[in-house]
>>> print(open('coords_10.tsv').read())   # TSV, C-alpha atoms
chain	number	residue	atom	x	y	z
H	1	MET	CA	114.86	84.18	109.09
H	2	ASN	CA	113.50	86.91	111.38
H	3	TYR	CA	109.82	87.64	111.06
H	4	GLY	CA	107.58	90.12	112.82
H	5	ILE	CA	103.88	91.04	112.72
H	6	ALA	CA	102.64	94.61	112.57
H	7	LEU	CA	99.62	96.76	111.88
H	8	PHE	CA	100.13	99.73	109.60
H	9	PRO	CA	97.78	102.62	110.39
H	10	SER	CA	96.30	105.03	107.83
H	11	LYS	CA	98.52	107.20	105.66
H	12	GLU	CA	97.37	110.21	107.71
H	13	LEU	CA	98.66	108.72	110.96
H	14	GLN	CA	101.85	107.41	109.34
H	15	ASP	CA	102.61	110.87	107.93
H	16	HIS	CA	102.00	112.38	111.36
H	17	ALA	CA	104.29	109.84	113.05
H	18	ASN	CA	106.96	110.36	110.38
H	19	SER	CA	107.03	114.10	111.03
H	20	TYR	CA	108.56	113.19	114.42
H	21	ARG	CA	110.36	110.01	113.36
H	22	MET	CA	112.45	111.77	110.72
H	23	ARG	CA	114.09	113.74	113.51
H	24	TYR	CA	113.89	111.40	116.50
H	25	ASP	CA	113.70	107.76	115.39
H	26	SER	CA	116.85	105.82	114.48
H	27	HIS	CA	114.62	103.24	112.72
H	28	TYR	CA	112.95	105.86	110.51
H	29	SER	CA	114.30	104.37	107.29
H	30	LEU	CA	113.95	100.70	108.26
H	31	ILE	CA	110.15	100.37	108.37
H	32	PRO	CA	107.11	102.66	107.96
H	33	PRO	CA	105.29	103.78	111.15
H	34	HIS	CA	103.53	100.78	112.66
H	35	ILE	CA	102.08	99.05	115.69
H	36	THR	CA	104.06	95.92	116.56
H	37	ILE	CA	101.70	93.14	117.50
H	38	LYS	CA	104.37	90.43	117.58
H	39	GLU	CA	108.06	91.14	118.14
H	40	THR	CA	110.79	89.50	116.06
H	41	PHE	CA	110.58	85.72	116.00
H	42	GLU	CA	112.48	83.17	114.01
H	43	VAL	CA	110.85	80.97	111.37
H	44	SER	CA	112.64	78.42	109.20
H	45	GLU	CA	111.73	77.95	105.56
H	46	ASP	CA	110.15	74.61	106.43
H	47	GLU	CA	107.93	76.07	109.12
H	48	LEU	CA	106.77	79.05	107.09
H	49	PRO	CA	103.75	77.48	105.31
H	50	SER	CA	102.30	76.25	108.60
H	51	ILE	CA	102.91	79.63	110.29
H	52	VAL	CA	101.19	81.36	107.37
H	53	SER	CA	98.14	79.14	107.56
H	54	THR	CA	97.96	79.60	111.35
H	55	LEU	CA	98.09	83.37	110.85
H	56	ARG	CA	95.36	83.19	108.23
H	57	GLU	CA	93.15	81.34	110.71
H	58	ILE	CA	93.92	83.73	113.59
H	59	ALA	CA	93.20	86.76	111.41
H	60	LYS	CA	89.93	85.30	110.17
H	61	ASN	CA	88.76	84.78	113.74
H	62	ALA	CA	89.88	88.22	114.91
H	63	GLU	CA	88.05	91.51	114.90
H	64	PRO	CA	89.38	94.59	113.12
H	65	ALA	CA	91.69	96.42	115.53
H	66	PHE	CA	90.44	99.62	117.13
H	67	ILE	CA	93.21	102.20	117.49
H	68	ASP	CA	92.58	105.06	119.92
H	69	ILE	CA	95.64	107.26	120.34
H	70	TYR	CA	95.31	109.59	123.31
H	71	LYS	CA	98.76	110.80	124.32
H	72	VAL	CA	102.51	110.80	123.82
H	73	ASP	CA	104.36	108.69	126.35
H	74	THR	CA	107.80	107.17	126.96
H	75	PHE	CA	109.14	103.81	128.12
H	76	TYR	CA	111.65	105.67	130.29
H	77	PRO	CA	113.40	104.47	132.47
H	78	GLN	CA	113.26	101.03	130.70
H	79	SER	CA	114.29	102.72	127.47
H	80	ASN	CA	114.32	106.15	125.86
H	81	THR	CA	111.64	105.19	123.33
H	82	ILE	CA	108.90	107.80	122.80
H	83	PHE	CA	105.56	106.79	121.31
H	84	PHE	CA	101.92	107.56	120.57
H	85	LYS	CA	100.10	105.60	123.24
H	86	ILE	CA	97.09	103.53	122.17
H	87	ARG	CA	94.27	102.86	124.60
H	88	GLU	CA	93.84	99.21	125.48
H	89	HIS	CA	91.04	97.59	123.53
H	90	GLU	CA	89.73	94.05	123.39
H	91	SER	CA	90.31	93.80	119.65
H	92	LEU	CA	94.04	94.48	120.15
H	93	THR	CA	94.46	92.45	123.32
H	94	ASN	CA	92.76	89.40	121.84
H	95	LEU	CA	94.82	89.58	118.68
H	96	TYR	CA	98.02	89.93	120.70
H	97	GLN	CA	97.00	86.97	122.82
H	98	ALA	CA	96.28	84.75	119.81
H	99	LEU	CA	99.71	85.61	118.38
H	100	HIS	CA	101.43	84.58	121.62
H	101	ASP	CA	99.59	81.32	122.21
H	102	ASP	CA	100.64	77.94	120.91
H	103	PRO	CA	102.24	77.41	118.31
H	104	PHE	CA	103.82	80.83	118.95
H	105	SER	CA	105.98	81.54	121.93
H	106	ALA	CA	104.78	83.87	124.65
H	107	ASN	CA	106.47	87.19	125.35
H	108	ASP	CA	107.78	86.90	128.88
H	109	LYS	CA	109.89	90.00	128.65
H	110	TYR	CA	107.21	92.66	128.39
H	111	GLY	CA	103.51	93.15	128.83
H	112	PHE	CA	101.65	94.44	125.77
H	113	ILE	CA	101.54	98.23	125.57
H	114	PRO	CA	100.12	99.05	122.14
H	115	HIS	CA	101.94	102.04	120.63
H	116	VAL	CA	103.40	103.72	117.55
H	117	THR	CA	107.07	104.56	118.14
H	118	ILE	CA	108.03	108.11	117.17
H	119	GLY	CA	111.50	108.32	118.79
H	120	GLN	CA	114.24	105.95	119.95
H	121	ASP	CA	117.98	105.80	120.67
H	122	LEU	CA	117.92	109.40	121.89
H	123	SER	CA	120.34	110.83	124.41
H	124	SER	CA	118.90	111.40	127.89
H	125	GLN	CA	118.90	115.16	127.32
H	126	GLU	CA	117.15	114.94	123.93
H	127	HIS	CA	114.71	112.41	125.31
H	128	SER	CA	113.60	114.55	128.21
H	129	ASP	CA	113.41	117.72	126.09
H	130	ILE	CA	111.26	116.02	123.45
H	131	VAL	CA	109.00	114.23	125.91
H	132	GLY	CA	108.52	117.54	127.71
H	133	GLN	CA	107.47	119.27	124.48
H	134	LEU	CA	105.28	116.50	123.12
H	135	LYS	CA	103.41	115.83	126.35
H	136	MET	CA	102.04	119.37	126.07
H	137	LYS	CA	100.49	118.64	122.68
H	138	LYS	CA	97.02	117.25	122.39
H	139	ILE	CA	97.24	114.06	120.34
H	140	GLU	CA	93.96	112.37	119.55
H	141	HIS	CA	93.30	109.99	116.73
H	142	GLN	CA	90.97	107.05	116.22
H	143	GLU	CA	90.77	104.53	113.45
H	144	THR	CA	90.11	100.88	112.75
H	145	ILE	CA	92.71	98.69	111.04
H	146	ASN	CA	91.39	95.66	109.20
H	147	ARG	CA	94.62	93.83	108.33
H	148	ILE	CA	97.92	92.64	109.78
H	149	GLN	CA	101.18	92.19	107.91
H	150	LEU	CA	103.78	89.47	108.27
H	151	LEU	CA	107.21	90.97	107.59
H	152	TYR	CA	110.75	89.61	107.37
H	153	GLN	CA	113.98	91.37	108.12
H	154	LEU	CA	116.79	91.99	105.64
H	155	GLU	CA	120.49	92.01	106.55
H	156	ASN	CA	120.52	95.82	106.75
H	157	GLY	CA	117.84	95.71	109.46
H	158	SER	CA	114.97	96.89	107.25
H	159	TRP	CA	111.68	95.01	106.86
H	160	THR	CA	109.85	93.69	103.78
H	161	VAL	CA	106.20	92.64	103.87
H	162	TYR	CA	105.69	88.96	103.14
H	163	GLU	CA	101.93	88.77	103.37
H	164	THR	CA	98.76	90.59	104.39
H	165	PHE	CA	96.00	88.96	106.42
H	166	HIS	CA	92.53	90.47	106.69
H	167	LEU	CA	91.13	90.72	110.19
H	168	GLY	CA	87.75	89.11	110.55
H	169	LYS	CA	86.74	89.08	106.94
H	170	ASP	CA	87.01	86.27	104.49
H	171	VAL	CA	87.56	87.81	101.10
I	1	MET	CA	96.65	108.70	96.96
I	2	ASN	CA	99.60	107.32	94.99
I	3	TYR	CA	99.70	103.57	94.59
I	4	GLY	CA	102.17	101.29	92.88
I	5	ILE	CA	102.50	97.54	92.31
I	6	ALA	CA	105.73	95.63	92.85
I	7	LEU	CA	107.20	92.17	93.22
I	8	PHE	CA	109.63	91.66	96.08
I	9	PRO	CA	112.25	89.00	95.34
I	10	SER	CA	113.76	86.62	97.92
I	11	LYS	CA	115.68	87.94	100.92
I	12	GLU	CA	118.88	86.67	99.28
I	13	LEU	CA	118.38	88.83	96.19
I	14	GLN	CA	117.20	91.82	98.23
I	15	ASP	CA	120.32	91.63	100.41
I	16	HIS	CA	122.48	91.43	97.28
I	17	ALA	CA	120.75	94.43	95.70
I	18	ASN	CA	121.00	96.39	98.96
I	19	SER	CA	124.77	95.87	99.07
I	20	TYR	CA	124.87	98.18	96.01
I	21	ARG	CA	121.84	100.30	96.82
I	22	MET	CA	123.22	101.47	100.17
I	23	ARG	CA	125.98	103.24	98.23
I	24	TYR	CA	124.39	104.06	94.89
I	25	ASP	CA	120.61	104.34	95.22
I	26	SER	CA	119.00	107.57	96.44
I	27	HIS	CA	115.80	105.57	97.11
I	28	TYR	CA	117.56	103.04	99.34
I	29	SER	CA	115.59	104.00	102.43
I	30	LEU	CA	112.23	104.55	100.72
I	31	ILE	CA	111.39	100.98	99.68
I	32	PRO	CA	113.06	97.54	99.82
I	33	PRO	CA	114.60	96.17	96.59
I	34	HIS	CA	111.80	95.35	94.16
I	35	ILE	CA	110.63	94.87	90.59
I	36	THR	CA	108.11	97.53	89.62
I	37	ILE	CA	105.30	95.97	87.64
I	38	LYS	CA	103.08	99.06	87.66
I	39	GLU	CA	104.45	102.58	88.12
I	40	THR	CA	102.77	105.13	90.41
I	41	PHE	CA	99.08	105.61	89.68
I	42	GLU	CA	96.45	107.55	91.54
I	43	VAL	CA	93.50	105.88	93.24
I	44	SER	CA	90.80	107.68	95.23
I	45	GLU	CA	89.40	106.18	98.42
I	46	ASP	CA	86.14	105.46	96.57
I	47	GLU	CA	87.84	103.56	93.79
I	48	LEU	CA	90.09	101.49	96.04
I	49	PRO	CA	87.74	98.54	96.73
I	50	SER	CA	87.09	98.00	93.04
I	51	ILE	CA	90.81	98.27	92.21
I	52	VAL	CA	91.59	95.74	94.93
I	53	SER	CA	89.05	93.25	93.62
I	54	THR	CA	90.33	93.72	90.06
I	55	LEU	CA	93.86	93.03	91.28
I	56	ARG	CA	92.70	89.93	93.12
I	57	GLU	CA	91.16	88.65	89.90
I	58	ILE	CA	94.24	89.49	87.79
I	59	ALA	CA	96.56	87.79	90.28
I	60	LYS	CA	94.39	84.68	90.43
I	61	ASN	CA	94.54	84.35	86.66
I	62	ALA	CA	98.29	85.01	86.46
I	63	GLU	CA	101.18	82.60	86.68
I	64	PRO	CA	103.94	82.97	89.28
I	65	ALA	CA	106.58	85.31	87.85
I	66	PHE	CA	109.84	83.82	86.66
I	67	ILE	CA	112.81	86.07	87.45
I	68	ASP	CA	116.02	85.39	85.53
I	69	ILE	CA	118.68	88.01	86.24
I	70	TYR	CA	121.55	87.83	83.79
I	71	LYS	CA	123.44	91.12	83.85
I	72	VAL	CA	123.85	94.63	85.19
I	73	ASP	CA	122.66	97.31	82.80
I	74	THR	CA	121.84	101.02	82.72
I	75	PHE	CA	119.06	103.17	81.28
I	76	TYR	CA	121.69	105.66	80.14
I	77	PRO	CA	121.29	107.98	78.23
I	78	GLN	CA	117.56	108.14	79.21
I	79	SER	CA	118.59	108.19	82.86
I	80	ASN	CA	121.55	107.27	85.09
I	81	THR	CA	119.65	104.38	86.67
I	82	ILE	CA	121.65	101.15	87.06
I	83	PHE	CA	119.87	97.84	87.52
I	84	PHE	CA	119.92	94.04	87.53
I	85	LYS	CA	118.38	93.19	84.18
I	86	ILE	CA	115.71	90.47	84.13
I	87	ARG	CA	115.21	88.35	81.03
I	88	GLU	CA	111.83	88.79	79.37
I	89	HIS	CA	109.44	86.03	80.30
I	90	GLU	CA	105.80	85.42	79.44
I	91	SER	CA	104.80	85.29	83.12
I	92	LEU	CA	106.10	88.84	83.62
I	93	THR	CA	104.92	90.25	80.30
I	94	ASN	CA	101.41	88.89	80.74
I	95	LEU	CA	101.17	90.24	84.26
I	96	TYR	CA	102.42	93.65	83.14
I	97	GLN	CA	99.89	93.62	80.30
I	98	ALA	CA	96.98	92.77	82.59
I	99	LEU	CA	97.97	95.64	84.91
I	100	HIS	CA	97.96	98.11	82.02
I	101	ASP	CA	94.69	97.06	80.41
I	102	ASP	CA	91.28	98.45	81.24
I	103	PRO	CA	90.41	99.59	83.98
I	104	PHE	CA	94.07	100.60	84.40
I	105	SER	CA	95.74	103.13	82.16
I	106	ALA	CA	98.43	102.06	79.75
I	107	ASN	CA	102.02	103.20	80.10
I	108	ASP	CA	102.72	105.19	76.96
I	109	LYS	CA	105.98	106.59	78.27
I	110	TYR	CA	108.09	103.45	78.42
I	111	GLY	CA	108.14	99.88	77.26
I	112	PHE	CA	108.42	97.26	79.99
I	113	ILE	CA	112.02	96.41	80.89
I	114	PRO	CA	111.82	94.23	84.00
I	115	HIS	CA	114.61	95.12	86.43
I	116	VAL	CA	115.74	95.61	90.02
I	117	THR	CA	117.21	99.09	90.46
I	118	ILE	CA	120.54	99.17	92.29
I	119	GLY	CA	121.62	102.76	91.60
I	120	GLN	CA	119.99	106.07	90.67
I	121	ASP	CA	120.54	109.84	90.80
I	122	LEU	CA	124.27	109.34	90.32
I	123	SER	CA	126.58	111.90	88.74
I	124	SER	CA	127.72	111.07	85.19
I	125	GLN	CA	131.19	110.26	86.47
I	126	GLU	CA	129.97	107.95	89.25
I	127	HIS	CA	127.49	106.35	86.89
I	128	SER	CA	130.07	105.44	84.27
I	129	ASP	CA	132.59	104.23	86.88
I	130	ILE	CA	130.06	101.99	88.57
I	131	VAL	CA	128.57	100.63	85.34
I	132	GLY	CA	132.10	99.87	84.17
I	133	GLN	CA	132.89	97.92	87.34
I	134	LEU	CA	129.59	96.07	87.58
I	135	LYS	CA	129.42	95.02	83.94
I	136	MET	CA	132.57	92.98	84.56
I	137	LYS	CA	130.87	90.97	87.32
I	138	LYS	CA	128.95	87.86	86.52
I	139	ILE	CA	125.46	88.26	87.92
I	140	GLU	CA	123.18	85.26	87.60
I	141	HIS	CA	120.15	84.54	89.69
I	142	GLN	CA	116.87	82.76	89.07
I	143	GLU	CA	113.78	82.51	91.19
I	144	THR	CA	110.01	82.42	91.00
I	145	ILE	CA	107.90	85.00	92.80
I	146	ASN	CA	104.37	83.96	93.67
I	147	ARG	CA	102.88	87.24	94.90
I	148	ILE	CA	102.51	90.92	94.05
I	149	GLN	CA	102.12	93.78	96.48
I	150	LEU	CA	99.96	96.87	96.22
I	151	LEU	CA	101.73	99.77	97.95
I	152	TYR	CA	100.89	103.38	98.71
I	153	GLN	CA	103.22	106.31	99.07
I	154	LEU	CA	103.65	108.42	102.20
I	155	GLU	CA	104.41	112.15	102.18
I	156	ASN	CA	108.14	111.49	102.73
I	157	GLY	CA	108.26	109.46	99.50
I	158	SER	CA	108.48	106.05	101.20
I	159	TRP	CA	106.11	103.17	100.45
I	160	THR	CA	103.87	101.06	102.71
I	161	VAL	CA	102.35	97.75	101.59
I	162	TYR	CA	98.57	97.82	101.45
I	163	GLU	CA	97.90	94.28	100.33
I	164	THR	CA	99.45	91.08	98.98
I	165	PHE	CA	97.93	89.11	96.11
I	166	HIS	CA	98.96	85.54	95.34
I	167	LEU	CA	99.78	84.82	91.73
I	168	GLY	CA	97.86	81.93	90.29
I	169	LYS	CA	96.86	80.27	93.49
I	170	ASP	CA	93.65	80.59	95.37
I	171	VAL	CA	94.46	80.14	99.03
>>> encode(input="coords_10.tsv", output="structure tokens")
Amino acid sequence: MNYGIALFPSKELQDHANSYRMRYDSHYSLIPPHITIKETFEVSEDELPSIVSTLREIAKNAEPAFIDIYKVDTFYPQSNTIFFKIREHESLTNLYQALHDDPFSANDKYGFIPHVTIGQDLSSQEHSDIVGQLKMKKIEHQETINRIQLLYQLENGSWTVYETFHLGKDV
Amino acid sequence: MNYGIALFPSKELQDHANSYRMRYDSHYSLIPPHITIKETFEVSEDELPSIVSTLREIAKNAEPAFIDIYKVDTFYPQSNTIFFKIREHESLTNLYQALHDDPFSANDKYGFIPHVTIGQDLSSQEHSDIVGQLKMKKIEHQETINRIQLLYQLENGSWTVYETFHLGKDV
């Protein structure tokens, strides 16, 4: 089964992201606005309990994640994905690192650019129009997220949360 | 903020429900297939920590929920909602009861009919056609769900998971 790990920001930020996503993001209905901290990976039913206990341990030893959004940016020319860019922060980098160390596989494809996607699968014309508009807007938002979510993917491409792990706090 | 509490069944059952929901359920994109165990209730930011610790306690003292789906049914004439009907079981009834006792408010509007919605907001004609077809199909599925999820609602009507609570097991 396909699993992924994400942070869900506050309702305020999700509502803000959705105001763009409803128009620009082909994944709008598949998952709420989020920060991917580990891309899709496969886990068998047998492996799941050990993955879950590893995640519990990683989360316990992590700090809450500091989210500092400071601009709209795009992955162009790699892709036409538009996003709220999040400033690099130790809390995020360390968490990402822990989730890509043994027993997890590393991500050799991309470096980690923390972000909240607000548009994807746009035509080149739409993409450049929207990036042009949104780069003019001042986007500033800070918050701390104290949990990560392990999700699995359904056949229609949407995601269901399997479990929540608290960052840095044993409750 | 609006919160709700739901059980998410296995991927297999969610995929099955979605095969109907994609055609018949106006809420298809707002939340994955689920069993509502507590309808929308309001919680202020101040109250949230105490609600969360109450839920943790309730979950710890609950049994895993036994889900036995045995037919397709409809709430007609109360509403045109079509659903997989779940046989009453102590594990579900007790959990429902605990989530409607003090400090939570009771649900005076409806009795508890455990179900997974697969269609809603249909015209009368569509509703009776679909119910007619689906009642002929044999639908049988059993599973045990060992967690509940506390969700909150975004402005677009969709739901984000806030936290998972394990039923009956202290991990």
>>> atom_distance(input="coords_10.tsv", atom1="atom CA of I:Glu63", atom2="atom CA of I:Lys109")
25.9 Å
>>> interface_residues(input="coords_10.tsv", of="chain H", to="chain I", cutoff="12 Å", atoms="only C-alpha atoms", output="PyMOL selection string")
chain H and resi 1-3+6-22+27-34+45+49+52-53+56-57+145-166+170-171
>>> atom_distance(input="coords_10.tsv", atom1="atom CA of H:Pro114", atom2="atom CA of I:Leu48")
28.1 Å
>>> atom_distance(input="coords_10.tsv", atom1="atom CA of H:Thr36", atom2="atom CA of H:Phe104")
15.3 Å
>>> residues_around(input="coords_10.tsv", residues="I:His127", least_positions_apart="2", cutoff="12 Å", atoms="only C-alpha atoms", output="list in words")
Arg23, Tyr24, Asp25, Asp73, Thr74, Phe75, Tyr76, Pro77, Ser79, Asn80, Thr81, Ile82, Phe83, Ile118, Gly119, Gln120, Asp121, Leu122, Ser123, Ser124, Gln125, Asp129, Ile130, Val131, Gly132, Gln133, Leu134 and Lys135 of chain I
>>> closest_residue(input="coords_10.tsv", among="I:Glu140, I:Glu126, I:Asp101, I:Glu47", to="I:Lys85", atoms="only C-alpha atoms")
I:Glu140
>>> residues_around(input="coords_10.tsv", residues="H:Lys38", least_positions_apart="6", cutoff="7 Å", atoms="only C-alpha atoms", output="PyMOL selection string")
chain H and resi 4-6+99
>>> axis_aligned_box(input="coords_10.tsv", around="stretch 2-8 of chain H", padding_each_side="8 Å", output="AutoDock Vina command-line options")
--center_x 106.6 --center_y 93.3 --center_z 111.2 --size_x 29.9 --size_y 28.8 --size_z 19.2
